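To be precise, the following lines are run-v6.txt, and they hold compact mmCIF, C-alpha atoms (C1' of nucleotides).
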```
# COMPACT_ATOMS: atom_id res chain seq x y z
CA MET A 1 -13.32 20.85 20.18
CA PRO A 2 -15.32 21.41 23.34
CA ASP A 3 -12.62 23.58 24.87
CA GLU A 4 -12.44 26.01 21.98
CA PRO A 5 -14.41 29.21 22.12
CA GLN A 6 -17.39 29.21 19.78
CA GLY A 7 -16.48 30.18 16.23
CA ALA A 8 -12.74 30.22 16.81
CA SER A 9 -10.87 28.45 14.06
CA ARG A 10 -7.54 26.88 14.67
CA ARG A 11 -4.31 28.00 13.01
CA ILE A 12 -2.26 24.94 12.26
CA LEU A 13 0.82 24.63 10.09
CA LEU A 14 2.68 21.60 8.80
CA ALA A 15 6.35 22.16 8.00
CA ASP A 16 7.68 19.42 5.73
CA ALA A 17 11.36 19.32 4.74
CA ASP A 18 11.87 19.20 0.97
CA ALA A 19 13.55 15.99 -0.26
CA PHE A 20 15.00 15.71 3.22
CA PHE A 21 17.23 12.64 2.85
CA VAL A 22 18.57 13.81 -0.50
CA ALA A 23 19.31 17.28 0.87
CA VAL A 24 21.11 15.91 3.92
CA ALA A 25 23.06 13.35 1.88
CA ARG A 26 24.32 16.23 -0.28
CA MET A 27 25.29 18.26 2.78
CA VAL A 28 27.39 15.49 4.33
CA ASP A 29 29.08 14.60 1.04
CA PRO A 30 29.36 17.79 -1.02
CA GLU A 31 32.02 16.39 -3.35
CA GLY A 32 30.15 13.14 -4.12
CA ALA A 33 26.38 13.15 -3.61
CA GLY A 34 26.45 16.94 -3.67
CA GLN A 35 27.66 16.87 -7.27
CA ALA A 36 25.22 14.23 -8.53
CA PRO A 37 21.98 15.56 -9.97
CA LEU A 38 20.79 11.96 -10.37
CA LEU A 39 20.82 10.86 -6.73
CA ILE A 40 18.99 8.04 -4.98
CA VAL A 41 19.14 7.70 -1.19
CA GLY A 42 18.27 4.35 0.36
CA GLY A 43 21.02 1.83 -0.17
CA SER A 44 23.87 0.65 -2.32
CA ARG A 45 23.38 -0.47 -5.93
CA GLU A 46 23.60 -4.13 -4.90
CA SER A 47 21.37 -3.94 -1.83
CA ARG A 48 17.93 -5.48 -1.47
CA GLY A 49 16.79 -2.04 -0.38
CA VAL A 50 14.20 0.43 -1.57
CA VAL A 51 14.36 4.08 -2.51
CA CYS A 52 14.00 6.22 0.57
CA SER A 53 14.23 9.52 -1.24
CA ALA A 54 15.11 10.47 -4.80
CA SER A 55 16.25 13.78 -6.31
CA TYR A 56 13.78 15.66 -8.49
CA GLU A 57 15.99 14.88 -11.49
CA THR A 58 15.62 11.12 -11.00
CA ARG A 59 11.89 11.47 -10.42
CA LYS A 60 11.62 12.57 -14.04
CA PHE A 61 12.67 9.01 -14.93
CA GLY A 62 9.82 7.63 -12.84
CA VAL A 63 11.86 6.86 -9.74
CA ARG A 64 9.67 6.99 -6.62
CA SER A 65 10.12 6.36 -2.90
CA ALA A 66 9.53 2.79 -1.73
CA MET A 67 10.47 1.44 -5.17
CA SER A 68 13.20 -1.21 -5.04
CA ILE A 69 16.69 0.10 -5.80
CA ALA A 70 16.97 -2.49 -8.57
CA GLN A 71 13.88 -1.17 -10.31
CA ALA A 72 14.93 2.45 -9.85
CA LEU A 73 18.24 1.68 -11.53
CA ARG A 74 16.48 0.06 -14.44
CA LEU A 75 14.60 3.33 -14.95
CA CYS A 76 17.61 5.55 -14.29
CA PRO A 77 20.83 3.53 -14.73
CA ASP A 78 23.22 6.46 -14.25
CA ALA A 79 21.90 7.46 -10.83
CA MET A 80 24.26 7.55 -7.88
CA CYS A 81 23.02 5.47 -4.93
CA VAL A 82 23.97 6.26 -1.35
CA PRO A 83 22.76 4.89 1.99
CA VAL A 84 20.71 7.06 4.32
CA PRO A 85 23.02 9.25 6.45
CA ARG A 86 21.09 8.48 9.64
CA ARG A 87 23.19 10.39 12.14
CA ALA A 88 23.21 13.55 10.07
CA CYS A 89 19.47 13.23 9.43
CA SER A 90 18.77 13.10 13.17
CA THR A 91 20.99 16.11 13.75
CA LYS A 92 19.43 18.21 11.00
CA SER A 93 15.96 17.15 12.10
CA ALA A 94 16.67 18.41 15.62
CA GLU A 95 18.02 21.68 14.19
CA ILE A 96 14.85 22.31 12.21
CA ARG A 97 12.69 21.52 15.22
CA ALA A 98 14.68 23.97 17.35
CA VAL A 99 13.92 26.76 14.88
CA LEU A 100 10.23 25.88 14.77
CA GLU A 101 10.06 25.86 18.58
CA GLN A 102 10.92 29.55 18.49
CA TRP A 103 7.82 30.33 16.47
CA ALA A 104 5.05 28.17 17.89
CA PRO A 105 3.95 27.31 21.42
CA ILE A 106 3.31 23.67 20.46
CA VAL A 107 5.41 21.69 17.97
CA GLU A 108 4.60 18.06 17.26
CA GLY A 109 7.12 15.94 15.41
CA ALA A 110 5.14 13.72 13.04
CA SER A 111 8.21 12.06 11.52
CA ILE A 112 11.87 12.82 11.05
CA ASP A 113 11.07 15.51 8.47
CA GLU A 114 7.58 16.79 9.37
CA TRP A 115 6.32 18.94 12.21
CA TYR A 116 2.89 20.27 13.11
CA LEU A 117 2.74 23.73 14.63
CA ASP A 118 -0.25 25.05 16.56
CA LEU A 119 -0.23 28.83 16.33
CA GLY A 120 -3.36 29.17 18.42
CA GLY A 121 -3.08 32.22 20.66
CA THR A 122 -0.40 33.91 18.56
CA GLU A 123 -2.78 36.19 16.66
CA GLY A 124 -1.80 39.12 18.84
CA LEU A 125 1.88 38.32 18.52
CA TYR A 126 2.02 37.99 14.74
CA ARG A 127 -0.24 40.74 13.44
CA GLU A 128 -0.27 39.45 9.89
CA PRO A 129 -1.95 36.80 7.77
CA LEU A 130 -0.94 33.21 8.56
CA ALA A 131 0.76 32.95 5.17
CA ALA A 132 3.10 35.82 6.06
CA THR A 133 4.11 34.11 9.29
CA ALA A 134 4.65 30.87 7.40
CA ARG A 135 6.97 32.62 4.96
CA ARG A 136 9.02 34.08 7.77
CA ILE A 137 9.30 30.68 9.45
CA ARG A 138 10.40 29.14 6.17
CA GLN A 139 13.08 31.79 5.76
CA ALA A 140 14.33 31.28 9.32
CA VAL A 141 14.66 27.53 8.83
CA ARG A 142 16.61 28.06 5.63
CA GLU A 143 18.98 30.58 7.22
CA VAL A 144 19.71 28.52 10.31
CA THR A 145 19.82 24.99 8.88
CA GLY A 146 20.49 25.43 5.18
CA LEU A 147 17.47 23.23 4.49
CA SER A 148 14.24 24.08 2.77
CA VAL A 149 10.80 23.31 4.20
CA THR A 150 7.39 23.61 2.63
CA ILE A 151 4.68 24.93 4.92
CA GLY A 152 1.01 24.13 4.56
CA GLY A 153 -1.62 25.65 6.78
CA GLY A 154 -5.28 25.53 7.68
CA THR A 155 -7.79 24.90 10.40
CA SER A 156 -6.79 21.27 11.01
CA LYS A 157 -3.82 18.95 10.78
CA LEU A 158 -5.44 17.20 7.83
CA VAL A 159 -5.86 20.40 5.83
CA ALA A 160 -2.38 21.65 6.75
CA LYS A 161 -0.89 18.37 5.58
CA LEU A 162 -2.77 18.39 2.27
CA ALA A 163 -1.86 22.04 1.72
CA ALA A 164 1.83 21.28 2.27
CA GLU A 165 1.64 18.51 -0.31
CA ARG A 166 0.07 20.90 -2.82
CA GLY A 167 2.52 23.68 -1.91
CA LYS A 168 5.73 21.71 -2.59
CA PRO A 169 7.91 23.78 -4.95
CA LYS A 170 8.40 20.97 -7.45
CA PRO A 171 9.93 21.86 -10.79
CA GLY A 172 7.22 22.68 -13.30
CA THR A 173 4.63 23.83 -10.76
CA ALA A 174 3.68 27.31 -9.63
CA ALA A 175 3.88 26.35 -5.96
CA ASP A 176 6.32 28.41 -3.93
CA GLY A 177 6.62 26.50 -0.66
CA VAL A 178 3.79 28.08 1.32
CA LEU A 179 0.10 27.31 0.92
CA ILE A 180 -2.57 28.29 3.43
CA ILE A 181 -6.19 27.19 3.08
CA ASP A 182 -8.45 29.81 4.62
CA ALA A 183 -11.17 28.88 7.12
CA GLY A 184 -14.29 27.99 5.14
CA GLY A 185 -12.34 26.98 2.06
CA GLU A 186 -11.62 23.41 3.19
CA ALA A 187 -14.43 21.64 1.32
CA GLU A 188 -13.63 23.40 -1.95
CA PHE A 189 -9.93 22.51 -1.58
CA LEU A 190 -10.66 18.87 -0.78
CA ARG A 191 -12.95 18.52 -3.81
CA GLN A 192 -9.91 18.57 -6.11
CA LEU A 193 -8.36 15.48 -4.58
CA THR A 194 -8.42 11.75 -5.17
CA LEU A 195 -8.97 9.49 -2.18
CA ALA A 196 -5.43 8.14 -2.55
CA GLU A 197 -4.09 11.61 -1.76
CA ILE A 198 -5.79 11.68 1.65
CA PRO A 199 -3.59 10.51 4.51
CA LEU A 200 -4.68 7.23 6.13
CA ILE A 201 -6.56 6.12 3.03
CA GLY A 202 -3.96 3.53 2.08
CA PRO A 203 -3.88 0.88 -0.64
CA LYS A 204 -6.25 -1.55 1.10
CA PHE A 205 -8.93 1.01 1.89
CA GLN A 206 -8.59 2.55 -1.59
CA GLU A 207 -9.25 -0.84 -3.10
CA ARG A 208 -12.39 -1.37 -1.02
CA LEU A 209 -13.67 2.08 -1.92
CA ALA A 210 -12.87 1.57 -5.61
CA THR A 211 -15.00 -1.60 -5.55
CA LEU A 212 -17.86 0.65 -4.45
CA GLY A 213 -17.12 3.05 -7.31
CA MET A 214 -15.36 5.71 -5.23
CA ARG A 215 -11.96 7.01 -6.31
CA THR A 216 -12.18 10.76 -5.78
CA VAL A 217 -13.44 13.04 -3.03
CA PRO A 218 -16.53 14.07 -5.06
CA ASP A 219 -17.32 10.38 -5.55
CA VAL A 220 -17.76 10.11 -1.77
CA LEU A 221 -19.45 13.49 -1.28
CA GLN A 222 -22.52 12.35 -3.23
CA TYR A 223 -23.49 9.82 -0.53
CA ASP A 224 -25.05 10.50 2.86
CA VAL A 225 -23.65 8.94 5.98
CA GLU A 226 -26.40 6.26 6.11
CA THR A 227 -25.44 4.95 2.69
CA LEU A 228 -21.76 4.92 3.57
CA THR A 229 -22.59 3.13 6.83
CA ARG A 230 -24.38 0.37 4.94
CA TRP A 231 -21.25 -0.22 2.89
CA LEU A 232 -18.46 0.39 5.37
CA GLY A 233 -19.89 0.04 8.85
CA GLU A 234 -20.55 2.83 11.29
CA ARG A 235 -17.06 3.68 12.41
CA GLU A 236 -15.35 3.86 9.06
CA ALA A 237 -18.29 5.59 7.39
CA ALA A 238 -18.30 8.37 9.98
CA TRP A 239 -14.55 8.73 9.66
CA LEU A 240 -14.62 8.91 5.84
CA PHE A 241 -17.60 11.28 5.82
CA ARG A 242 -15.64 13.79 7.89
CA ARG A 243 -12.34 13.15 6.21
CA VAL A 244 -13.48 14.07 2.68
CA ARG A 245 -14.90 17.32 4.07
CA GLY A 246 -11.62 18.25 5.69
CA ILE A 247 -13.07 17.86 9.18
CA ASP A 248 -10.41 16.78 11.67
CA ASP A 249 -10.20 17.92 15.27
CA ALA A 250 -7.08 15.98 16.25
CA PRO A 251 -4.98 18.24 18.47
CA VAL A 252 -1.36 19.19 17.88
CA GLU A 253 0.42 17.51 20.77
CA ARG A 254 3.99 17.64 21.89
CA ARG A 255 5.13 14.02 22.08
CA LEU A 256 7.18 13.13 25.08
CA GLU A 257 8.74 9.73 24.74
CA ALA A 258 9.04 7.13 22.06
CA LYS A 259 6.54 4.30 22.43
CA SER A 260 8.83 1.64 21.03
CA ILE A 261 12.34 1.06 19.79
CA SER A 262 13.09 -1.55 17.17
CA ARG A 263 16.04 -2.64 15.10
CA ASP A 264 15.72 -5.00 12.20
CA GLU A 265 17.72 -6.18 9.28
CA THR A 266 17.01 -7.67 5.90
CA PHE A 267 19.83 -10.02 5.02
CA ALA A 268 21.72 -9.83 1.76
CA GLU A 269 20.72 -13.47 1.32
CA ASP A 270 18.07 -15.46 3.15
CA ILE A 271 19.30 -17.32 6.23
CA ARG A 272 18.16 -20.89 6.87
CA ASP A 273 20.51 -21.85 9.70
CA ASP A 274 19.21 -21.38 13.27
CA ASP A 275 22.68 -20.73 14.69
CA GLU A 276 23.30 -17.98 12.19
CA LEU A 277 19.92 -16.46 13.01
CA ARG A 278 20.81 -16.53 16.69
CA ARG A 279 24.00 -14.60 15.96
CA GLU A 280 22.05 -12.00 14.02
CA LEU A 281 19.57 -11.81 16.87
CA LEU A 282 22.34 -11.04 19.31
CA ALA A 283 23.62 -8.22 17.11
CA LEU A 284 20.11 -6.74 16.89
CA VAL A 285 19.55 -7.01 20.65
CA THR A 286 22.90 -5.31 21.21
CA ARG A 287 21.91 -2.38 19.00
CA ALA A 288 18.35 -2.02 20.30
CA ALA A 289 19.32 -2.27 23.96
CA SER A 290 22.13 0.21 23.53
CA ASP A 291 19.77 2.73 21.92
CA LEU A 292 17.24 2.08 24.67
CA ARG A 293 19.80 3.02 27.31
CA ALA A 294 21.00 6.00 25.30
CA ASP A 295 17.44 7.35 25.58
CA GLY A 296 17.41 6.68 29.32
CA LEU A 297 14.58 4.19 28.92
CA ALA A 298 13.75 0.67 30.04
CA ALA A 299 11.44 -1.81 28.34
CA ARG A 300 8.95 -4.34 29.64
CA THR A 301 7.84 -5.94 26.35
CA ILE A 302 10.25 -7.71 24.01
CA THR A 303 9.20 -8.65 20.48
CA VAL A 304 10.99 -10.74 17.87
CA ARG A 305 9.90 -10.35 14.27
CA ILE A 306 10.83 -12.67 11.44
CA ARG A 307 10.05 -12.35 7.75
CA ASP A 308 10.26 -15.63 5.89
CA PHE A 309 11.58 -16.06 2.36
CA ASP A 310 8.00 -15.78 1.02
CA PHE A 311 7.53 -12.42 2.78
CA ARG A 312 5.22 -13.89 5.38
CA THR A 313 5.90 -11.92 8.55
CA ARG A 314 5.43 -13.38 12.00
CA GLN A 315 6.12 -12.08 15.46
CA ALA A 316 6.19 -13.21 19.04
CA SER A 317 6.42 -11.10 22.13
CA ARG A 318 6.60 -11.35 25.87
CA THR A 319 5.91 -8.82 28.58
CA LEU A 320 8.00 -9.02 31.73
CA ALA A 321 6.91 -8.05 35.21
CA GLU A 322 9.56 -5.32 35.46
CA PRO A 323 11.20 -3.04 32.87
CA VAL A 324 14.71 -4.09 31.85
CA VAL A 325 17.62 -2.38 30.11
CA TRP A 326 20.35 -4.94 29.87
CA ASP A 327 21.29 -7.05 26.85
CA ARG A 328 21.60 -10.28 28.80
CA VAL A 329 17.97 -10.41 29.89
CA ILE A 330 16.63 -9.08 26.62
CA HIS A 331 18.72 -11.53 24.67
CA ARG A 332 17.56 -14.55 26.64
CA VAL A 333 13.89 -13.65 26.21
CA ALA A 334 14.43 -12.82 22.54
CA GLY A 335 16.20 -16.15 22.06
CA GLU A 336 13.20 -18.03 23.44
CA LEU A 337 10.85 -16.08 21.22
CA LEU A 338 13.00 -16.81 18.17
CA ARG A 339 13.01 -20.51 19.05
CA LYS A 340 9.24 -20.45 19.27
CA LEU A 341 8.89 -18.76 15.89
CA ARG A 342 11.36 -21.11 14.26
CA SER A 343 9.74 -24.26 15.59
CA ALA A 344 6.40 -23.12 14.19
CA ARG A 345 7.88 -22.63 10.72
CA ARG A 346 11.49 -23.40 9.88
CA VAL A 347 12.08 -21.89 6.42
CA PRO A 348 14.72 -19.48 5.09
CA ALA A 349 14.34 -16.04 6.66
CA ARG A 350 14.93 -12.74 4.89
CA LEU A 351 14.52 -10.43 7.88
CA LEU A 352 14.93 -10.56 11.61
CA GLY A 353 13.98 -7.82 14.05
CA VAL A 354 13.90 -7.00 17.75
CA GLY A 355 11.43 -4.57 19.24
CA LEU A 356 11.29 -3.06 22.71
CA SER A 357 8.06 -1.53 23.98
CA SER A 358 6.02 -0.78 27.12
CA LEU A 359 8.78 1.73 27.74
CA ALA A 360 9.37 3.55 30.98
CA VAL A 361 11.97 6.04 32.07
CA ASP A 362 14.83 3.93 33.38
CA PRO A 363 14.41 3.76 37.13
CA GLU A 364 17.79 4.24 38.77
CA ALA A 365 19.69 1.04 38.47
CA ASP A 366 20.81 0.57 42.05
CA GLN A 367 17.39 1.16 43.59
CA LEU A 368 15.87 -1.49 41.41
CA ALA A 369 18.69 -3.85 42.18
CA LEU A 370 17.72 -3.76 45.85
CA PHE A 371 14.59 -5.62 44.94
CA ALA A 372 16.15 -7.81 42.31
CA MET A 373 15.35 -11.40 43.04
CA ALA A 374 17.18 -14.55 42.08
CA ASP A 375 14.79 -14.62 39.14
CA ALA A 376 16.80 -14.86 35.95
CA THR A 377 14.84 -12.06 34.33
CA ALA A 378 15.76 -9.59 37.07
CA GLU A 379 18.83 -7.48 36.60
CA THR A 380 21.64 -6.92 39.04
CA SER A 381 23.34 -3.60 39.51
CA ARG A 382 26.48 -5.16 38.13
CA ASP A 383 24.59 -5.97 34.93
CA ARG A 384 23.69 -2.34 34.58
CA THR A 385 27.11 -0.96 35.36
CA LEU A 386 28.61 -3.26 32.76
CA ALA A 387 26.03 -2.31 30.17
CA ARG A 388 26.69 1.39 30.69
CA ALA A 389 30.43 0.87 30.37
CA VAL A 390 29.88 -0.91 27.07
CA ASP A 391 27.76 1.99 25.86
CA ALA A 392 30.47 4.47 26.79
CA VAL A 393 33.06 2.61 24.77
CA ARG A 394 30.68 2.27 21.87
CA ASP A 395 30.01 6.00 21.89
CA ARG A 396 33.70 6.66 21.62
CA PHE A 397 34.77 3.99 19.17
CA GLY A 398 31.62 3.39 17.14
CA PRO A 399 29.15 0.50 17.09
CA LYS A 400 31.81 -2.13 16.55
CA GLY A 401 34.09 -0.94 19.36
CA ILE A 402 32.78 -3.72 21.55
CA MET A 403 30.83 -6.62 20.23
CA PRO A 404 30.04 -10.04 21.50
CA ALA A 405 32.69 -12.38 20.14
CA ASN A 406 32.42 -13.67 16.58
CA LEU A 407 29.70 -11.27 15.56
CA TRP A 408 31.50 -9.23 13.01
CA GLU A 409 33.63 -11.88 11.38
CA ARG A 410 31.61 -11.84 8.23
C1' DT B 1 8.32 -4.20 -9.63
C1' DC B 2 10.19 -9.02 -5.64
C1' DT B 3 9.24 -5.77 -1.93
C1' DG B 4 13.97 -1.09 3.83
C1' DG B 5 13.95 0.53 8.41
C1' DG B 6 11.91 3.24 11.65
C1' DG B 7 7.70 4.08 13.71
C1' DT B 8 2.17 4.70 15.24
C1' DC B 9 -2.38 3.09 15.95
C1' DC B 10 -6.22 -0.27 15.83
C1' DT B 11 -8.63 -4.75 16.39
C1' DA B 12 -9.83 -9.10 18.20
C1' DG B 13 -9.62 -12.95 21.17
C1' DG B 14 -8.35 -15.06 25.52
C1' DA B 15 -7.14 -14.78 30.44
C1' DC B 16 -8.42 -13.09 34.58
C1' DC B 17 -10.91 -10.41 37.99
C1' DC B 18 -15.01 -8.55 40.18
C1' DT C 1 -23.24 -25.06 36.80
C1' DC C 2 -25.33 -24.19 31.78
C1' DT C 3 -23.86 -19.23 32.27
C1' DG C 4 -24.18 -12.22 32.52
C1' DG C 5 -21.25 -8.36 31.78
C1' DG C 6 -17.65 -4.96 32.25
C1' DG C 7 -12.71 -3.75 32.70
C1' DT C 8 -7.86 -4.52 31.96
C1' DC C 9 -3.86 -6.80 30.35
C1' DC C 10 -1.50 -9.50 27.00
C1' DT C 11 -0.57 -11.33 22.34
C1' DA C 12 -0.75 -11.52 17.28
C1' DG C 13 -1.69 -9.46 13.19
C1' DG C 14 -2.46 -5.76 10.07
C1' DA C 15 -2.96 -1.02 7.96
C1' DC C 16 -0.63 2.94 7.40
C1' DC C 17 3.08 6.71 7.23
C1' DC C 18 7.79 8.81 5.85
```
Exercise: express the given structure as structure tokens:
Amino acid sequence: MPDEPQGASRRILLADADAFFVAVARMVDPEGAGQAPLLIVGGSRESRGVVCSASYETRKFGVRSAMSIAQALRLCPDAMCVPVPRRACSTKSAEIRAVLEQWAPIVEGASIDEWYLDLGGTEGLYREPLAATARRIRQAVREVTGLSVTIGGGTSKLVAKLAAERGKPKPGTAADGVLIIDAGGEAEFLRQLTLAEIPLIGPKFQERLATLGMRTVPDVLQYDVETLTRWLGEREAAWLFRRVRGIDDAPVERRLEAKSISRDETFAEDIRDDDELRRELLALVTRAASDLRADGLAARTITVRIRDFDFRTRQASRTLAEPVVWDRVIHRVAGELLRKLRSARRVPARLLGVGLSSLAVDPEADQLALFAMADATAETSRDRTLARAVDAVRDRFGPKGIMPANLWER
DNA sequence: TCTGGGGTCCTAGGACCC
DNA sequence: TCTGGGGTCCTAGGACCC
């Protein structure tokens, strides 16, 4: 932190909504989901989906996020299953953020239900311990949005995140929704943790470390950086050495624009027919491109992703010379990419996806059209006018208000 | 236990340029 | 001609997170 004054320690909070999808599902459906203590959010009982969020009551049965719905129902057969209420989740997420913005100069959205707050410079404003401020923020979020957040705090994003995890007011724990780790207490706090509990130490890295006999933070603390380097290489050793000591100087940054937009779908049954895949592709392009325009963005890179029946995932992408927004261009490129993927391996597919990246703020349609060439990948202003009209209808009548012919006859 | 949908970031190799 | 090195862009794949 070269810009920080010597000795200053940062004041960072992580606000993490409690059982966010479950809480929102109950809000939008008070008579149904709202009345079901055993509630699983993620998909219908028959879907090939996974648990996105589960109520505390179902967790007692062993239900966990990312578990398949089928398995969750084997553990907890009486649970009610509902799909994720995406619209409402976006709305509530924005509401929570708006409250947090009133308390901190910098708010970084880390996901739909997590936000980092940098309270640097607010010491004079809030003349109280950080924990007291956190409690007031928590109360404000509850009053305005009706949702509960847990707030963890410390001198880094890593410590704030770990503190929030430990501070979750789960039934049967003493935690009350706010936990601040004081400056200087980071190492002692980290010592209680397993490596699996540290963010960015995922299954693969855990397995490598376990092979070397390391499963907990103290297991790693006993080795110097040279020893770790011999085992892991310089970069990862240095990273792990700092990580287990709670050292993390990543800044809290307000994020401006999305870096990519993607829409994908796992089919109820694998699809082997190329024509059927092409129809699905068109539906995905229609959704992705519409959302792209809704955000006022244009994309230069188009990616098609396919997951074969055996879960092997492949992708192909192409970057165009100019950013595009319209379905016609995106669909043609995506179609070529799909053809390429299918000719390399033509087996039943379980998932198809379309991604848009290298995003730029949509330059005004008509100006770009002046330079549009006869090139098939360039858009005309008529293309853009048409696309916007389609979006307007879709906004009013829902996603199926206008669809390319034959798409929804399933 | 048969594995969602939305993302972010990193790496490595090849093309291409100077 | 027998061969360097750096920078940037593109593509594919993979780890990870909620």
Counting only C-alpha atoms (C1' of nucleotides), which residues of chain A fall within 9 Å of chain C, and what is the closest atom pair for each with its distance in Å at one decimal, ordered by chain and rising number, as a tab-separated table?
```
residue	atom	partner	partner_atom	distance
A:Cys52	CA	C:DC18	C1'	8.6
A:Ser111	CA	C:DC18	C1'	6.5
A:Ile112	CA	C:DC18	C1'	7.7
A:Asp113	CA	C:DC18	C1'	7.9
A:Glu114	CA	C:DC18	C1'	8.7
A:Pro199	CA	C:DC17	C1'	8.1
A:Leu200	CA	C:DC16	C1'	6.0
A:Ile201	CA	C:DC16	C1'	8.0
A:Gly202	CA	C:DC16	C1'	6.3
A:Pro203	CA	C:DA15	C1'	8.9
A:Lys204	CA	C:DA15	C1'	7.6
A:Phe205	CA	C:DA15	C1'	8.8
A:Arg314	CA	C:DG13	C1'	8.2
A:Gln315	CA	C:DA12	C1'	7.1
A:Ala316	CA	C:DA12	C1'	7.4
A:Ser317	CA	C:DT11	C1'	7.0
A:Arg318	CA	C:DT11	C1'	8.0
A:Thr319	CA	C:DC10	C1'	7.6
```
Hey, can you check how far CA of Ile151 (chain A) sits from CA of Gly121 (chain A)?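 So the two atoms, CA of Ile151 (chain A) and CA of Gly121 (chain A), lie 19.0 Å apart.
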Between CA of Gly34 (chain A) and CA of Val22 (chain A), what is the distance, to one decimal in Å?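 Taking CA of Gly34 (chain A) and CA of Val22 (chain A), their separation equals 9.1 Å.
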Work out how far apart CA of Arg272 (chain A) and CA of Val304 (chain A) are and give it in Å to one decimal.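 Interatomic distance, CA of Arg272 (chain A) to CA of Val304 (chain A): 16.6 Å.
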May I have the residues within 12 Å of Ile306 (chain A) as a VMD selection string, using only C-alpha atoms (C1' of nucleotides) and disregarding those fewer than 6 positions away in the same chain? chain A and resid 263 to 267 270 to 272 277 to 278 280 to 281 312 to 317 334 337 to 342 344 to 355
Please provide the set of residues having any atom within 9 Å of Trp103 (chain A), restricted to only C-alpha atoms (C1' of nucleotides), with same-chain residues fewer than 2 positions apart removed, written as a PyMOL selection string. chain A and resi 99-101+105-106+117+119+133+137
At most 7 Å from (14.0, 6.1, -7.8), file frame, only C-alpha atoms (C1' of nucleotides): which residues, as a PyMOL selection string? chain A and resi 40+51+54+58-59+62-65+67+69+72
